[in-house]
$ cat run.txt   # compact mmCIF, C-alpha atoms
# COMPACT_ATOMS: atom_id res chain seq x y z
CA MET A 74 24.97 11.39 -6.66
CA VAL A 75 21.45 10.30 -5.78
CA SER A 76 20.25 7.40 -7.90
CA LYS A 77 16.98 7.69 -9.77
CA GLN A 78 13.94 5.85 -8.50
CA LYS A 79 12.92 3.04 -10.82
CA ILE A 80 9.42 2.44 -12.15
CA LEU A 81 8.42 -0.83 -13.83
CA ILE A 82 5.63 -0.25 -16.36
CA VAL A 83 3.59 -3.34 -17.22
CA ASP A 84 1.12 -2.86 -20.08
CA ASP A 85 0.38 -4.89 -23.21
CA ASP A 86 -0.36 -1.65 -25.11
CA ASN A 87 3.14 -0.44 -25.90
CA ASN A 88 1.90 2.98 -27.02
CA ILE A 89 0.36 3.63 -23.61
CA ALA A 90 3.43 2.23 -21.85
CA GLU A 91 5.80 4.47 -23.82
CA LEU A 92 3.64 7.52 -23.13
CA ILE A 93 3.71 6.77 -19.39
CA ALA A 94 7.48 6.26 -19.57
CA LEU A 95 7.88 9.62 -21.32
CA TYR A 96 6.08 11.51 -18.57
CA LEU A 97 7.92 9.67 -15.80
CA THR A 98 11.30 10.18 -17.47
CA LYS A 99 10.61 13.93 -17.55
CA GLU A 100 10.14 13.69 -13.78
CA CYS A 101 13.60 12.08 -13.48
CA PHE A 102 12.44 8.50 -12.95
CA GLU A 103 14.19 5.53 -14.54
CA THR A 104 11.69 3.31 -16.32
CA MET A 105 11.44 -0.18 -17.78
CA ILE A 106 8.58 -1.43 -19.97
CA VAL A 107 7.36 -5.01 -20.23
CA ASN A 108 4.24 -6.17 -22.05
CA ASP A 109 3.15 -9.41 -20.36
CA GLY A 110 2.76 -10.94 -16.93
CA GLU A 111 5.62 -13.42 -17.11
CA SER A 112 8.07 -10.69 -18.11
CA ALA A 113 6.72 -8.54 -15.29
CA LEU A 114 7.57 -11.16 -12.68
CA THR A 115 11.07 -11.55 -14.10
CA ALA A 116 11.62 -7.79 -14.21
CA ALA A 117 10.33 -7.35 -10.67
CA ASP A 118 13.34 -9.38 -9.53
CA SER A 119 16.00 -8.22 -11.99
CA PHE A 120 15.09 -4.53 -12.31
CA ASN A 121 14.27 -4.18 -8.59
CA PRO A 122 11.82 -1.31 -9.11
CA ASN A 123 10.78 1.20 -6.46
CA LEU A 124 7.21 1.01 -7.79
CA ILE A 125 5.24 -1.05 -10.31
CA LEU A 126 2.53 0.34 -12.61
CA LEU A 127 0.52 -2.76 -13.42
CA ASP A 128 -2.13 -3.17 -16.10
CA LEU A 129 -4.71 -5.87 -15.30
CA MET A 130 -5.50 -7.19 -18.78
CA LEU A 131 -2.25 -8.89 -19.77
CA PRO A 132 -1.54 -11.85 -22.06
CA GLY A 133 -0.75 -15.06 -20.21
CA ILE A 134 -0.54 -14.22 -16.52
CA ASP A 135 -2.98 -11.40 -15.76
CA GLY A 136 -2.31 -8.41 -13.56
CA TYR A 137 -4.15 -9.85 -10.57
CA GLN A 138 -1.88 -12.90 -10.52
CA VAL A 139 1.22 -10.76 -11.04
CA CYS A 140 0.20 -8.64 -8.05
CA ARG A 141 -0.44 -11.74 -5.95
CA GLU A 142 2.99 -13.23 -6.75
CA VAL A 143 4.91 -9.99 -6.28
CA ARG A 144 3.18 -9.31 -2.98
CA ALA A 145 3.96 -12.82 -1.72
CA LYS A 146 7.67 -11.96 -1.59
CA SER A 147 7.92 -8.18 -1.70
CA SER A 148 6.30 -5.00 -0.38
CA THR A 149 7.16 -3.03 -3.53
CA PRO A 150 4.37 -0.47 -4.05
CA ILE A 151 1.93 -1.35 -6.86
CA ILE A 152 -0.49 0.94 -8.67
CA MET A 153 -2.99 -0.97 -10.80
CA LEU A 154 -4.12 0.45 -14.15
CA SER A 155 -7.31 -0.82 -15.75
CA ALA A 156 -10.24 0.04 -17.96
CA LYS A 157 -12.36 -1.87 -15.45
CA GLY A 158 -14.04 0.67 -13.21
CA GLU A 159 -16.36 -1.56 -11.20
CA ILE A 160 -16.07 -1.46 -7.40
CA PHE A 161 -15.54 -5.23 -7.39
CA ASP A 162 -12.41 -4.91 -9.55
CA LYS A 163 -11.00 -2.12 -7.40
CA VAL A 164 -11.65 -3.99 -4.16
CA LEU A 165 -10.13 -7.19 -5.54
CA GLY A 166 -7.01 -5.31 -6.58
CA LEU A 167 -6.65 -3.76 -3.14
CA GLU A 168 -7.28 -7.06 -1.41
CA LEU A 169 -4.47 -8.63 -3.40
CA GLY A 170 -2.08 -5.97 -2.14
CA ALA A 171 -2.20 -3.05 -4.57
CA ASP A 172 -1.52 0.37 -3.06
CA ASP A 173 -3.68 2.32 -5.50
CA TYR A 174 -5.96 1.79 -8.49
CA MET A 175 -6.45 4.06 -11.52
CA GLU A 176 -9.03 3.72 -14.26
CA LYS A 177 -8.15 4.10 -17.93
CA PRO A 178 -8.17 6.55 -19.55
CA PHE A 179 -6.33 8.61 -16.96
CA ASP A 180 -4.72 12.02 -16.87
CA SER A 181 -0.94 11.79 -17.11
CA LYS A 182 -0.41 14.49 -14.49
CA GLU A 183 -2.64 12.65 -12.03
CA LEU A 184 -0.73 9.43 -12.65
CA VAL A 185 2.60 11.13 -11.94
CA ALA A 186 1.11 12.72 -8.79
CA ARG A 187 -0.10 9.36 -7.52
CA VAL A 188 3.27 7.73 -8.24
CA LYS A 189 4.99 10.43 -6.20
CA ALA A 190 2.40 10.19 -3.42
CA VAL A 191 2.84 6.43 -3.05
CA LEU A 192 6.64 6.70 -3.13
CA ARG A 193 6.58 9.41 -0.45
CA ARG A 194 4.85 6.99 1.88
CA TYR A 195 7.24 4.15 1.14
CA LYS A 196 10.67 5.20 2.38
CA PRO A 197 12.42 2.30 4.12
CA ALA A 198 15.40 3.55 6.07
CA PRO A 199 18.73 2.40 4.55
CA ALA A 200 20.28 2.02 8.00
CA ALA A 201 19.14 1.76 11.58
CA PRO A 202 18.68 5.27 13.03
CA GLU A 203 19.49 6.44 16.52
CA ALA A 204 16.92 5.22 19.01
CA SER A 205 15.76 8.77 19.71
CA ASP A 206 14.94 9.26 16.02
CA THR A 207 12.89 6.09 15.67
CA GLU A 208 9.14 6.40 15.14
CA SER A 209 7.62 3.28 16.64
CA VAL A 210 4.82 2.12 18.87
CA GLU A 211 4.79 -1.10 20.92
CA TYR A 212 2.18 -3.31 22.50
CA PRO A 213 2.46 -6.84 23.87
CA ASP A 214 3.77 -9.00 21.00
CA LEU A 215 3.47 -6.12 18.52
CA ILE A 216 6.06 -3.56 17.36
CA ILE A 217 5.20 -1.11 14.57
CA ASN A 218 8.20 0.86 13.32
CA ARG A 219 7.46 3.62 10.80
CA THR A 220 11.11 4.60 10.50
CA ASN A 221 12.25 1.38 8.86
CA TYR A 222 8.75 0.27 7.81
CA SER A 223 8.66 -2.96 9.78
CA VAL A 224 6.03 -4.77 11.82
CA ILE A 225 7.02 -7.45 14.31
CA TYR A 226 4.23 -9.69 15.60
CA LYS A 227 5.02 -12.40 18.15
CA GLY A 228 8.70 -12.14 17.30
CA GLU A 229 8.18 -12.60 13.56
CA THR A 230 8.43 -9.97 10.83
CA VAL A 231 5.09 -9.36 9.12
CA ASP A 232 5.17 -8.30 5.47
CA MET A 233 2.97 -5.20 5.12
CA PRO A 234 2.68 -2.88 2.12
CA PRO A 235 3.22 0.81 2.95
CA LYS A 236 -0.46 1.76 3.18
CA GLU A 237 -1.27 -1.06 5.61
CA LEU A 238 1.66 -0.16 7.85
CA GLU A 239 0.84 3.55 7.80
CA LEU A 240 -2.78 2.84 8.67
CA LEU A 241 -1.88 0.47 11.51
CA TYR A 242 0.72 2.89 12.89
CA PHE A 243 -1.70 5.81 12.76
CA LEU A 244 -4.42 3.92 14.64
CA ALA A 245 -2.04 2.38 17.17
CA SER A 246 -0.43 5.77 17.86
CA SER A 247 -3.78 7.07 19.12
CA PRO A 248 -5.15 4.23 21.27
CA ASN A 249 -8.91 4.25 21.90
CA HIS A 250 -9.42 7.24 19.60
CA VAL A 251 -12.22 6.73 17.07
CA PHE A 252 -11.50 7.81 13.49
CA THR A 253 -14.04 8.01 10.69
CA ARG A 254 -13.24 6.36 7.38
CA GLU A 255 -13.01 9.82 5.79
CA GLN A 256 -10.44 10.91 8.36
CA LEU A 257 -8.36 7.80 7.73
CA LEU A 258 -8.51 8.33 3.96
CA ASP A 259 -7.31 11.89 4.42
CA GLN A 260 -4.50 10.95 6.82
CA ILE A 261 -3.14 7.90 5.00
CA TRP A 262 -3.97 8.43 1.34
CA GLY A 263 -3.93 12.22 1.32
CA TYR A 264 -5.74 14.73 -0.84
CA GLU A 265 -4.34 13.25 -4.07
CA TYR A 266 -6.34 10.07 -3.59
CA ILE A 267 -9.69 9.87 -5.31
CA GLY A 268 -11.52 6.83 -4.01
CA ASP A 269 -14.26 5.60 -1.72
CA THR A 270 -14.23 4.65 1.94
CA ARG A 271 -14.37 0.93 1.11
CA THR A 272 -10.61 1.26 0.57
CA VAL A 273 -10.19 1.68 4.32
CA ASP A 274 -12.31 -1.39 5.06
CA VAL A 275 -10.23 -3.53 2.70
CA HIS A 276 -6.95 -2.47 4.30
CA ILE A 277 -8.29 -3.00 7.82
CA LYS A 278 -9.38 -6.51 6.82
CA ARG A 279 -5.90 -7.32 5.52
CA ILE A 280 -4.20 -5.96 8.64
CA ARG A 281 -6.46 -8.01 10.90
CA GLU A 282 -5.65 -11.17 8.97
CA LYS A 283 -1.95 -10.61 9.68
CA ILE A 284 -1.89 -9.61 13.35
CA GLU A 285 -5.15 -10.84 14.86
CA ASP A 286 -5.11 -14.64 14.84
CA GLU A 287 -7.24 -17.09 16.77
CA ASN A 288 -5.06 -16.44 19.84
CA ARG A 289 -5.43 -12.68 19.59
CA HIS A 290 -4.60 -10.50 22.54
CA THR A 291 -7.37 -9.28 24.77
CA THR A 292 -5.33 -6.16 25.59
CA TRP A 293 -5.35 -4.64 22.10
CA GLY A 294 -6.95 -4.89 18.68
CA ILE A 295 -8.58 -2.92 15.88
CA THR A 296 -12.24 -2.42 16.71
CA THR A 297 -15.02 -1.45 14.33
CA VAL A 298 -17.19 1.37 15.64
CA TRP A 299 -20.38 0.75 13.71
CA GLY A 300 -21.65 3.68 11.71
CA ILE A 301 -18.49 5.70 12.37
CA GLY A 302 -15.17 4.01 11.64
CA TYR A 303 -12.38 2.30 13.56
CA LYS A 304 -10.22 2.56 16.66
CA PHE A 305 -7.22 0.73 18.08
CA LYS A 306 -8.71 -0.47 21.37
CA VAL A 307 -6.27 -1.04 24.22
CA ASP A 308 -6.67 -1.82 27.89
CA ARG A 309 -3.50 0.02 28.79
CA SER A 310 -0.98 2.47 27.30
CA PRO A 311 1.74 1.38 24.87
CA VAL A 312 4.91 -0.04 26.46

$ encode --input "run.txt" --output "structure tokens"
Amino acid sequence: MVSKQKILIVDDDNNIAELIALYLTKECFETMIVNDGESALTAADSFNPNLILLDLMLPGIDGYQVCREVRAKSSTPIIMLSAKGEIFDKVLGLELGADDYMEKPFDSKELVARVKAVLRRYKPAPAAPEASDTESVEYPDLIINRTNYSVIYKGETVDMPPKELELLYFLASSPNHVFTREQLLDQIWGYEYIGDTRTVDVHIKRIREKIEDENRHTTWGITTVWGIGYKFKVDRSPV
């Protein structure tokens, strides 16, 4: 029997949390509700959720700090929920590692759709597949594996949330091909996502911080094509 996917709902308004849980339960998800940041961090370890719905305005530890601490040790997908609709708040949430951001009030059907969309993109393989079935791309000192959702840089595993890995894999799979921000939004976030192109910039920035250090390779790297978008520039084909 296939086990249900687990959703951790973090919101200090229990009425909203219970309503979210009701809709998700109808979609055959297992849910847990906590109402503050400290409980969220504890539940993230004990409940081991497949996804976290995280309100920003929480008593004690706020949602931003919860996201920061969860992301420091886990790539569990996070969708932030907030009444704050300013671009600054959205960008900050994404920079801290959130996979999506929804403004309150939100439509319950859209929330469920976004939960499913994020989970579809985050499917770590339970076991190593046959080599012929592995989706990966390799460059000097860099291995991006979309089958088991891993990135190896200079022999070390790099922790990347699903969206970052998908974006890096997509770019690296088409070396020297220029993609507009709109194309990247469509390919990685899909039609369900309602957001602006700054989302792409934020994720590119985070990827660069993880795999392009001061001793970066001259043979590959993510290049900004001003006025258009981005490309994964390489001097030779993948190995």

$ closest_residue --input "run.txt" --among "A:Glu103, A:Glu237, A:Asp86, A:Glu168" --to "Arg271 (chain A)" --atoms "only C-alpha atoms"
A:Glu168

$ residues_around --input "run.txt" --residues "Lys163 (chain A)" --least-positions-apart "3" --cutoff "9 Å" --atoms "all atoms listed in the file" --output "JSON, numbers by chain"
{"A": [153, 157, 158, 159, 160, 166, 167, 168, 173, 174, 175, 272]}

$ closest_residue --input "run.txt" --among "A:Asp308, A:Glu100, A:Glu142, A:Glu91" --to "Ala113 (chain A)" --atoms "only C-alpha atoms"
A:Glu142

$ atom_distance --input "run.txt" --atom1 "CA of Arg254 (chain A)" --atom2 "CA of Thr270 (chain A)"
5.8 Å

$ closest_residue --input "run.txt" --among "A:Pro213, A:Pro150, A:Pro132, A:Pro122" --to "Asn108 (chain A)" --atoms "only C-alpha atoms"
A:Pro132

$ residues_around --input "run.txt" --residues "Phe179 (chain A)" --least-positions-apart "6" --cutoff "10 Å" --atoms "all atoms listed in the file" --output "VMD selection string"
chain A and resid 154 to 156

$ closest_residue --input "run.txt" --among "A:Leu129, A:Ala245, A:Ile152, A:Val231" --to "Ser209 (chain A)" --atoms "all atoms listed in the file"
A:Ala245

$ residues_around --input "run.txt" --residues "Arg193 (chain A)" --least-positions-apart "5" --cutoff "10 Å" --atoms "all atoms listed in the file" --output "mmCIF file with C-alpha atoms, in the coordinates of the input"
data_model
loop_
_atom_site.group_PDB
_atom_site.id
_atom_site.type_symbol
_atom_site.label_atom_id
_atom_site.label_comp_id
_atom_site.auth_asym_id
_atom_site.auth_seq_id
_atom_site.Cartn_x
_atom_site.Cartn_y
_atom_site.Cartn_z
ATOM 1 C CA ARG A 187 -0.100 9.360 -7.520
ATOM 2 C CA VAL A 188 3.270 7.730 -8.240
ATOM 3 C CA PRO A 235 3.220 0.810 2.950
#

$ closest_atom_pairs --input "run.txt" --of "region 183-254 of chain A" --to "region 294-301 of chain A" --cutoff "10 Å" --atoms "only C-alpha atoms" --output "JSON lines"
{"residue": "A:Leu241", "atom": "CA", "partner": "A:Ile295", "partner_atom": "CA", "distance": 8.7}
{"residue": "A:Leu244", "atom": "CA", "partner": "A:Ile295", "partner_atom": "CA", "distance": 8.1}
{"residue": "A:Ala245", "atom": "CA", "partner": "A:Ile295", "partner_atom": "CA", "distance": 8.5}
{"residue": "A:Pro248", "atom": "CA", "partner": "A:Ile295", "partner_atom": "CA", "distance": 9.6}
{"residue": "A:Asn249", "atom": "CA", "partner": "A:Thr296", "partner_atom": "CA", "distance": 9.1}
{"residue": "A:Val251", "atom": "CA", "partner": "A:Val298", "partner_atom": "CA", "distance": 7.4}
{"residue": "A:Phe252", "atom": "CA", "partner": "A:Ile301", "partner_atom": "CA", "distance": 7.4}
{"residue": "A:Thr253", "atom": "CA", "partner": "A:Ile301", "partner_atom": "CA", "distance": 5.3}
{"residue": "A:Arg254", "atom": "CA", "partner": "A:Ile301", "partner_atom": "CA", "distance": 7.3}

$ atom_distance --input "run.txt" --atom1 "CA of Thr104 (chain A)" --atom2 "CA of Asp85 (chain A)"
15.6 Å

$ atom_distance --input "run.txt" --atom1 "CA of Glu285 (chain A)" --atom2 "CA of Leu192 (chain A)"
27.8 Å

$ residues_around --input "run.txt" --residues "Glu229 (chain A)" --least-positions-apart "5" --cutoff "10 Å" --atoms "all atoms listed in the file" --output "list of chain:residue names"
A:Asp214, A:Leu215, A:Val224

$ axis_aligned_box --input "run.txt" --around "region 96-100 of chain A" --padding-each-side "4 Å" --output "lines of an AutoDock Vina configuration file"
center_x = 8.7
center_y = 11.8
center_z = -16.2
size_x = 13.2
size_y = 12.3
size_z = 12.8

$ residues_around --input "run.txt" --residues "region 95-98 of chain A" --least-positions-apart "6" --cutoff "12 Å" --atoms "all atoms listed in the file" --output "list in words"
Lys77, Gln78, Lys79, Ile80, Leu81, Ile82, Asn88, Ile89, Thr104, Met105, Ile106, Leu124, Leu126, Asp180, Ser181, Lys182, Glu183, Leu184, Val185, Ala186, Arg187, Val188 and Lys189 of chain A

$ residues_near_point --input "run.txt" --point "(2.7, 4.6, 7.4)" --cutoff "9 Å" --atoms "only C-alpha atoms" --output "ChimeraX atom specification"
/A:194-195,218-220,222,235-243,261

$ closest_residue --input "run.txt" --among "A:Val307, A:Glu282, A:Val107, A:Gln260" --to "Phe120 (chain A)" --atoms "all atoms listed in the file"
A:Val107

$ closest_residue --input "run.txt" --among "A:Val275, A:Ser119, A:Lys146, A:Lys306" --to "Val164 (chain A)" --atoms "all atoms listed in the file"
A:Val275
